[in-house]
>>> print(open('target05.cif').read())   # mmCIF, C-alpha atoms
data_query
#
loop_
_atom_site.label_atom_id
_atom_site.label_comp_id
_atom_site.auth_asym_id
_atom_site.auth_seq_id
_atom_site.Cartn_x
_atom_site.Cartn_y
_atom_site.Cartn_z
CA MET A 932 4.33 3.00 -34.87
CA SER A 933 1.28 2.96 -37.16
CA LEU A 934 -2.14 4.23 -36.07
CA ASN A 935 -5.49 3.88 -37.73
CA ARG A 936 -7.81 6.89 -37.87
CA ARG A 937 -9.82 5.87 -34.79
CA ASP A 938 -6.69 5.34 -32.68
CA PHE A 939 -5.25 8.66 -33.84
CA LEU A 940 -8.42 10.58 -32.95
CA SER A 941 -8.56 8.87 -29.56
CA LEU A 942 -4.96 9.79 -28.79
CA ALA A 943 -5.51 13.34 -30.00
CA GLY A 944 -8.49 13.67 -27.69
CA VAL A 945 -6.43 12.54 -24.72
CA ALA A 946 -3.67 15.02 -25.58
CA ALA A 947 -6.16 17.86 -25.94
CA ALA A 948 -7.73 17.06 -22.61
CA ALA A 949 -4.33 16.94 -20.94
CA ALA A 950 -3.44 20.35 -22.35
CA ALA A 951 -6.71 21.79 -21.11
CA LEU A 952 -6.21 20.40 -17.60
CA GLY A 953 -2.67 21.73 -17.29
CA PRO A 954 0.94 20.54 -17.36
CA GLY A 955 0.77 18.86 -13.95
CA LEU A 956 -1.29 15.97 -15.31
CA HIS A 957 0.68 13.30 -17.13
CA LEU A 958 -0.73 11.66 -20.24
CA ILE A 959 -0.33 8.23 -18.69
CA GLU A 960 -2.44 9.31 -15.71
CA LEU A 961 -5.21 10.67 -17.89
CA ALA A 962 -5.24 7.65 -20.15
CA ARG A 963 -5.57 5.35 -17.15
CA ALA A 964 -8.01 7.54 -15.21
CA ARG A 965 -11.13 5.74 -14.10
CA SER A 966 -14.53 6.94 -15.18
CA PRO A 967 -16.75 8.52 -12.48
CA GLU A 968 -18.81 5.37 -12.08
CA GLU A 969 -15.61 3.39 -11.48
CA ALA A 970 -14.15 5.78 -8.91
CA ALA A 971 -13.09 4.58 -5.46
CA SER A 972 -16.23 4.16 -3.38
CA SER A 973 -16.89 4.38 0.36
CA LEU A 974 -19.06 1.28 -0.12
CA GLN A 975 -15.79 -0.66 0.03
CA ARG A 976 -12.86 -0.65 2.39
CA TRP A 977 -9.83 -2.62 1.35
CA GLY A 978 -7.63 -4.19 3.98
CA LEU A 979 -5.39 -7.05 5.03
CA LEU A 980 -5.63 -9.76 7.67
CA ILE A 981 -2.28 -11.19 8.73
CA ASP A 982 -2.05 -14.47 10.65
CA ALA A 983 1.25 -14.45 12.53
CA ASP A 984 1.06 -18.21 13.16
CA GLN A 985 1.11 -18.84 9.41
CA CYS A 986 4.04 -16.50 8.74
CA ALA A 987 7.11 -18.68 8.19
CA ASP A 988 10.40 -17.78 9.88
CA GLY A 989 12.96 -16.55 7.40
CA CYS A 990 10.43 -16.21 4.58
CA THR A 991 10.62 -12.90 2.72
CA ALA A 992 8.31 -13.77 -0.17
CA CYS A 993 5.91 -10.93 0.63
CA VAL A 994 8.69 -8.36 0.87
CA ASP A 995 10.37 -9.53 -2.33
CA ALA A 996 7.10 -9.56 -4.25
CA CYS A 997 6.15 -6.07 -3.08
CA PHE A 998 9.48 -4.63 -4.15
CA THR A 999 9.39 -6.36 -7.53
CA GLU A 1000 5.77 -5.39 -8.22
CA ASN A 1001 6.31 -1.73 -7.35
CA GLY A 1002 9.85 -1.23 -8.62
CA VAL A 1003 11.35 -0.60 -5.19
CA TRP A 1004 15.09 -1.22 -5.08
CA GLY A 1005 17.50 -0.75 -2.20
CA HIS A 1006 21.13 0.36 -2.12
CA GLY A 1007 22.33 -2.01 0.58
CA ARG A 1008 21.68 0.55 3.31
CA PRO A 1009 18.79 -0.74 5.45
CA ARG A 1010 18.66 2.39 7.62
CA THR A 1011 17.77 4.62 4.65
CA ASP A 1012 16.51 2.26 1.92
CA ALA A 1013 12.78 2.36 1.18
CA GLN A 1014 10.70 -0.26 2.99
CA TRP A 1015 7.12 -0.52 1.77
CA ILE A 1016 6.79 -3.72 3.78
CA ARG A 1017 9.14 -5.28 6.32
CA LYS A 1018 9.30 -8.39 8.49
CA LEU A 1019 9.20 -7.43 12.17
CA THR A 1020 10.38 -9.83 14.89
CA VAL A 1021 8.90 -9.54 18.38
CA THR A 1022 9.85 -11.43 21.55
CA ASP A 1023 7.68 -12.43 24.49
CA GLU A 1024 9.63 -11.12 27.50
CA GLN A 1025 8.12 -13.76 29.80
CA ASN A 1026 9.16 -16.87 27.92
CA GLY A 1027 11.55 -15.66 25.20
CA HIS A 1028 9.32 -16.91 22.38
CA THR A 1029 9.85 -14.96 19.17
CA GLN A 1030 7.49 -14.32 16.31
CA ALA A 1031 7.88 -12.62 12.93
CA PHE A 1032 5.20 -11.02 10.76
CA PRO A 1033 4.99 -8.34 8.07
CA VAL A 1034 4.29 -4.68 8.84
CA MET A 1035 3.37 -2.04 6.31
CA CYS A 1036 1.21 1.10 6.08
CA GLN A 1037 -1.84 0.26 8.18
CA HIS A 1038 -4.23 2.30 5.99
CA CYS A 1039 -5.93 3.97 8.94
CA GLU A 1040 -9.44 5.36 8.84
CA PHE A 1041 -8.05 8.40 10.64
CA PRO A 1042 -4.48 8.58 9.29
CA PRO A 1043 -2.09 10.89 11.20
CA CYS A 1044 0.00 11.27 8.05
CA VAL A 1045 -2.92 12.96 6.30
CA ASP A 1046 -3.59 15.24 9.26
CA VAL A 1047 -0.07 16.71 9.32
CA CYS A 1048 0.63 16.97 5.57
CA PRO A 1049 0.89 20.70 4.67
CA THR A 1050 0.20 20.24 0.95
CA GLY A 1051 -2.45 17.53 0.92
CA ALA A 1052 -0.04 15.13 -0.77
CA SER A 1053 -0.94 12.49 1.80
CA PHE A 1054 -4.56 11.52 1.31
CA ARG A 1055 -7.04 8.74 1.94
CA ARG A 1056 -9.26 7.43 -0.83
CA ASP A 1057 -12.93 6.76 -0.22
CA ASP A 1058 -12.18 3.02 -0.26
CA GLY A 1059 -9.70 3.37 2.60
CA ILE A 1060 -6.40 3.24 0.72
CA VAL A 1061 -3.90 5.84 1.97
CA LEU A 1062 -1.59 7.23 -0.71
CA VAL A 1063 0.99 9.94 -1.45
CA ASN A 1064 0.64 12.26 -4.44
CA LYS A 1065 4.21 12.53 -5.70
CA HIS A 1066 3.44 15.72 -7.65
CA THR A 1067 2.57 17.67 -4.51
CA CYS A 1068 4.82 15.97 -1.93
CA ILE A 1069 7.54 18.44 -0.87
CA GLY A 1070 9.54 15.95 1.17
CA CYS A 1071 9.00 17.68 4.52
CA ARG A 1072 8.68 14.25 6.19
CA TYR A 1073 6.05 15.41 8.68
CA CYS A 1074 4.06 12.29 7.76
CA MET A 1075 7.00 10.07 8.62
CA MET A 1076 7.22 11.62 12.08
CA ALA A 1077 3.45 11.33 12.59
CA CYS A 1078 3.15 7.67 11.54
CA PRO A 1079 3.20 5.45 14.66
CA TYR A 1080 4.07 2.42 12.52
CA LYS A 1081 7.22 3.82 10.89
CA ALA A 1082 5.67 2.75 7.62
CA ARG A 1083 6.87 5.56 5.36
CA SER A 1084 10.21 6.00 3.64
CA PHE A 1085 11.99 9.01 2.16
CA ILE A 1086 13.69 8.61 -1.21
CA HIS A 1087 17.25 9.88 -0.82
CA GLU A 1088 18.59 8.93 -4.24
CA GLU A 1089 17.62 8.95 -7.89
CA THR A 1090 15.25 6.15 -8.89
CA HIS A 1091 15.51 4.07 -12.04
CA ASN A 1092 13.35 1.60 -13.97
CA GLN A 1093 10.15 2.90 -12.41
CA LYS A 1094 6.82 1.24 -12.96
CA ALA A 1095 4.29 3.45 -14.74
CA TYR A 1096 1.67 2.67 -12.11
CA ALA A 1097 4.00 3.27 -9.13
CA PRO A 1098 5.79 6.62 -9.62
CA ARG A 1099 8.76 7.27 -7.35
CA GLY A 1100 11.07 10.25 -7.11
CA ILE A 1101 13.98 11.62 -5.13
CA GLY A 1102 12.94 13.95 -2.35
CA THR A 1103 9.48 12.42 -1.86
CA VAL A 1104 7.91 10.07 0.67
CA GLU A 1105 6.39 6.69 -0.17
CA SER A 1106 4.77 3.68 1.47
CA CYS A 1107 2.59 0.63 0.80
CA THR A 1108 -0.27 1.43 -1.58
CA LEU A 1109 -2.14 -1.85 -1.07
CA CYS A 1110 -1.21 -2.44 -4.72
CA VAL A 1111 -3.77 0.19 -5.70
CA HIS A 1112 -3.11 -0.42 -9.38
CA LYS A 1113 -4.14 -4.05 -8.94
CA VAL A 1114 -7.19 -3.03 -6.94
CA ASP A 1115 -8.28 -0.61 -9.64
CA ARG A 1116 -8.04 -3.19 -12.39
CA GLY A 1117 -9.96 -5.74 -10.33
CA ASP A 1118 -7.22 -8.27 -9.60
CA GLY A 1119 -8.62 -8.92 -6.13
CA ILE A 1120 -5.26 -9.60 -4.46
CA THR A 1121 -2.11 -7.71 -3.51
CA ALA A 1122 1.38 -8.78 -4.56
CA CYS A 1123 2.31 -9.69 -0.98
CA ALA A 1124 -0.77 -11.86 -0.44
CA GLU A 1125 -0.30 -13.56 -3.80
CA ALA A 1126 3.36 -14.32 -3.08
CA CYS A 1127 2.51 -15.69 0.37
CA LEU A 1128 0.07 -18.15 -1.18
CA ARG A 1129 2.56 -19.08 -3.86
CA ALA A 1130 5.15 -19.82 -1.16
CA GLY A 1131 2.76 -22.30 0.42
CA HIS A 1132 1.62 -20.13 3.32
CA GLN A 1133 -1.67 -18.45 4.14
CA ALA A 1134 -0.44 -15.62 6.32
CA ILE A 1135 -1.83 -12.67 4.34
CA LEU A 1136 -5.46 -12.26 3.28
CA PHE A 1137 -6.63 -9.28 1.22
CA GLY A 1138 -10.24 -8.23 0.78
CA ASP A 1139 -13.13 -5.85 1.29
CA LEU A 1140 -13.71 -5.21 4.99
CA LYS A 1141 -17.21 -3.88 4.28
CA ASP A 1142 -18.39 -6.91 2.34
CA PRO A 1143 -19.93 -9.37 4.85
CA ASP A 1144 -19.54 -12.17 2.30
CA SER A 1145 -15.80 -11.64 1.76
CA GLU A 1146 -13.44 -14.14 3.34
CA ILE A 1147 -11.63 -11.45 5.28
CA SER A 1148 -14.89 -10.17 6.83
CA LYS A 1149 -16.00 -13.68 7.75
CA ARG A 1150 -12.72 -14.43 9.50
CA LEU A 1151 -12.75 -11.13 11.36
CA ALA A 1152 -16.32 -11.81 12.48
CA THR A 1153 -15.57 -15.29 13.82
CA GLN A 1154 -11.96 -15.13 15.00
CA PRO A 1155 -10.21 -12.66 17.34
CA SER A 1156 -7.87 -10.12 15.80
CA LYS A 1157 -5.83 -7.12 16.88
CA GLN A 1158 -4.76 -3.72 15.63
CA ILE A 1159 -1.22 -2.52 16.21
CA ARG A 1160 -1.50 0.37 18.69
CA ALA A 1161 -5.25 0.01 19.02
CA ASP A 1162 -5.06 2.58 21.82
CA LEU A 1163 -4.59 5.30 19.19
CA ASN A 1164 -8.12 4.69 17.84
CA LEU A 1165 -7.02 4.96 14.20
CA ASN A 1166 -9.19 2.03 13.04
CA THR A 1167 -6.53 0.44 10.87
CA GLY A 1168 -7.30 -1.42 7.67
CA VAL A 1169 -4.64 -4.02 8.52
CA ARG A 1170 -5.51 -6.50 11.27
CA TYR A 1171 -3.47 -9.25 12.91
CA GLN A 1172 -4.31 -12.67 14.32
CA ASN A 1173 -2.33 -14.86 16.73
CA VAL A 1174 0.12 -12.10 17.62
CA LEU A 1175 2.01 -12.34 20.91
CA GLY A 1176 0.88 -10.19 23.80
#
>>> encode(input="target05.cif", output="structure tokens")
Amino acid sequence: MSLNRRDFLSLAGVAAAAAALGPGLHLIELARARSPEEAASSLQRWGLLIDADQCADGCTACVDACFTENGVWGHGRPRTDAQWIRKLTVTDEQNGHTQAFPVMCQHCEFPPCVDVCPTGASFRRDDGIVLVNKHTCIGCRYCMMACPYKARSFIHEETHNQKAYAPRGIGTVESCTLCVHKVDRGDGITACAEACLRAGHQAILFGDLKDPDSEISKRLATQPSKQIRADLNLNTGVRYQNVLG
């Protein structure tokens, strides 16, 4: 690989900064770090609106896209394989009508997973995205027990072919990140929402819940929606429309 003088000095500066900050910071993280003016802001809150009526039976486009985008691969063991997003089927006990829709981390305003984490590995960004720091996660799984949505998974086996923007590792916990890497580069859509549109459905809408001009805010303001386990008062960032019950 050839470098001109400017590129060499730039790379040297990154390496020097990494050395000064300590061995726990990876070069790739420093190189991709956002400047202070680009940091996650409480002026925004990212979320999803899922319309169960638009979610097609048997369609797994959102699940497949999430796994491909984030390098999540199973081992044919559904009980222990990671599930960043899953299709949940519910049945109306009165008439037997069934309905399927995706469930993932609900990105709560008051996340129980953050409250119980002993190391601070589980944290919530100012823009509402709930994440896990893989460098400080000790795999205690307290967050998994605290999550009322069963949205987190423990990695039991070695991982391969990881994405640079979605680190994974044996002995740590993981869950939906709302495609934070896409958010940070300004893509404006998650992999699941994009795949749903590509499949010809409009079941998943991503956007800024604090922007009154965003499509998601307009729909929430004019159409009824629900939170899963609203009784817990977690103020989830994922809302549902046309769900049974």
>>> resolve_selection(input="target05.cif", expression="the PyMOL selection byres ((chain A and resi 1056) around 10)", output="PyMOL selection string")
chain A and resi 970-973+976+1038+1040+1054-1055+1057-1062
>>> atom_distance(input="target05.cif", atom1="CA of Val1003 (chain A)", atom2="CA of Asn1064 (chain A)")
16.8 Å
>>> atom_distance(input="target05.cif", atom1="CA of Gly1138 (chain A)", atom2="CA of Gly978 (chain A)")
5.8 Å
>>> residues_near_point(input="target05.cif", point="(-10.5, 10.6, 9.4)", cutoff="10 Å", atoms="only C-alpha atoms", output="list in words")
Cys1039, Glu1040, Phe1041, Pro1042, Pro1043, Val1045, Asp1046, Arg1055, Gly1059, Leu1165 and Asn1166 of chain A
>>> closest_residue(input="target05.cif", among="A:Val1047, A:Val1169, A:His1112, A:Ala1097", to="Asp1139 (chain A)", atoms="all atoms listed in the file")
A:Val1169
>>> closest_atom_pairs(input="target05.cif", of="region 977-1061 of chain A", to="region 1090-1093 of chain A", cutoff="10 Å", atoms="all atoms listed in the file", output="tab-separated table")
residue	atom	partner	partner_atom	distance
A:Asn1001	CA	A:Gln1093	CA	7.9
A:Gly1002	CA	A:Gln1093	CA	5.6
A:Val1003	CA	A:Gln1093	CA	8.1
A:Trp1004	CA	A:Thr1090	CA	8.3
A:Gly1005	CA	A:Thr1090	CA	9.9
>>> atom_distance(input="target05.cif", atom1="CA of Ile981 (chain A)", atom2="CA of Phe1032 (chain A)")
7.8 Å
>>> closest_residue(input="target05.cif", among="A:Cys1110, A:Cys1044, A:Cys990, A:Leu979", to="Gly1131 (chain A)", atoms="only C-alpha atoms")
A:Cys990
>>> resolve_selection(input="target05.cif", expression="the PyMOL selection byres ((chain A and resi 991) around 12)", output="PyMOL selection string")
chain A and resi 986-990+992-998+1016-1019+1031-1033+1123-1124+1126-1127+1130+1132+1134
>>> closest_residue(input="target05.cif", among="A:Gly1119, A:Pro1155, A:Gly1168, A:Pro1009", to="Lys1141 (chain A)", atoms="all atoms listed in the file")
A:Gly1168
>>> residues_near_point(input="target05.cif", point="(4.9, 6.7, 10.6)", cutoff="10 Å", atoms="only C-alpha atoms", output="list in words")
Met1035, Cys1036, Gln1037, Pro1042, Pro1043, Cys1044, Arg1072, Tyr1073, Cys1074, Met1075, Met1076, Ala1077, Cys1078, Pro1079, Tyr1080, Lys1081, Ala1082, Arg1083, Ser1084 and Ser1106 of chain A
>>> write_last_selection(input="target05.cif", atoms="C-alpha atoms", output="PDB file, keeping the file's coordinate frame")
ATOM      1  CA  MET A1035       3.370  -2.040   6.310  1.00  0.00           C
ATOM      2  CA  CYS A1036       1.210   1.100   6.080  1.00  0.00           C
ATOM      3  CA  GLN A1037      -1.840   0.260   8.180  1.00  0.00           C
ATOM      4  CA  PRO A1042      -4.480   8.580   9.290  1.00  0.00           C
ATOM      5  CA  PRO A1043      -2.090  10.890  11.200  1.00  0.00           C
ATOM      6  CA  CYS A1044       0.000  11.270   8.050  1.00  0.00           C
ATOM      7  CA  ARG A1072       8.680  14.250   6.190  1.00  0.00           C
ATOM      8  CA  TYR A1073       6.050  15.410   8.680  1.00  0.00           C
ATOM      9  CA  CYS A1074       4.060  12.290   7.760  1.00  0.00           C
ATOM     10  CA  MET A1075       7.000  10.070   8.620  1.00  0.00           C
ATOM     11  CA  MET A1076       7.220  11.620  12.080  1.00  0.00           C
ATOM     12  CA  ALA A1077       3.450  11.330  12.590  1.00  0.00           C
ATOM     13  CA  CYS A1078       3.150   7.670  11.540  1.00  0.00           C
ATOM     14  CA  PRO A1079       3.200   5.450  14.660  1.00  0.00           C
ATOM     15  CA  TYR A1080       4.070   2.420  12.520  1.00  0.00           C
ATOM     16  CA  LYS A1081       7.220   3.820  10.890  1.00  0.00           C
ATOM     17  CA  ALA A1082       5.670   2.750   7.620  1.00  0.00           C
ATOM     18  CA  ARG A1083       6.870   5.560   5.360  1.00  0.00           C
ATOM     19  CA  SER A1084      10.210   6.000   3.640  1.00  0.00           C
ATOM     20  CA  SER A1106       4.770   3.680   1.470  1.00  0.00           C
TER      21      SER A1106
END
>>> resolve_selection(input="target05.cif", expression="the PyMOL selection byres ((chain A and resi 1021) around 8)", output="short mmCIF file (atom, residue, chain, number, x, y, z; two decimals) with C-alpha atoms, in the frame of the given file")
data_model
loop_
_atom_site.label_atom_id
_atom_site.label_comp_id
_atom_site.auth_asym_id
_atom_site.auth_seq_id
_atom_site.Cartn_x
_atom_site.Cartn_y
_atom_site.Cartn_z
CA LEU A 1019 9.20 -7.43 12.17
CA THR A 1020 10.38 -9.83 14.89
CA THR A 1022 9.85 -11.43 21.55
CA ASP A 1023 7.68 -12.43 24.49
CA THR A 1029 9.85 -14.96 19.17
CA GLN A 1030 7.49 -14.32 16.31
CA ALA A 1031 7.88 -12.62 12.93
CA LEU A 1175 2.01 -12.34 20.91
#
>>> axis_aligned_box(input="target05.cif", around="region 982-987 of chain A", padding_each_side="4 Å", output="lines of an AutoDock Vina configuration file")
center_x = 2.5
center_y = -16.6
center_z = 10.7
size_x = 17.2
size_y = 12.4
size_z = 13.0
>>> residues_around(input="target05.cif", residues="Glu1089 (chain A)", least_positions_apart="4", cutoff="9 Å", atoms="only C-alpha atoms", output="JSON, numbers by chain")
{"A": [1100, 1101, 1102]}
>>> closest_residue(input="target05.cif", among="A:Thr1153, A:Asp982, A:Phe1137, A:Ala1095", to="Val1114 (chain A)", atoms="all atoms listed in the file")
A:Phe1137
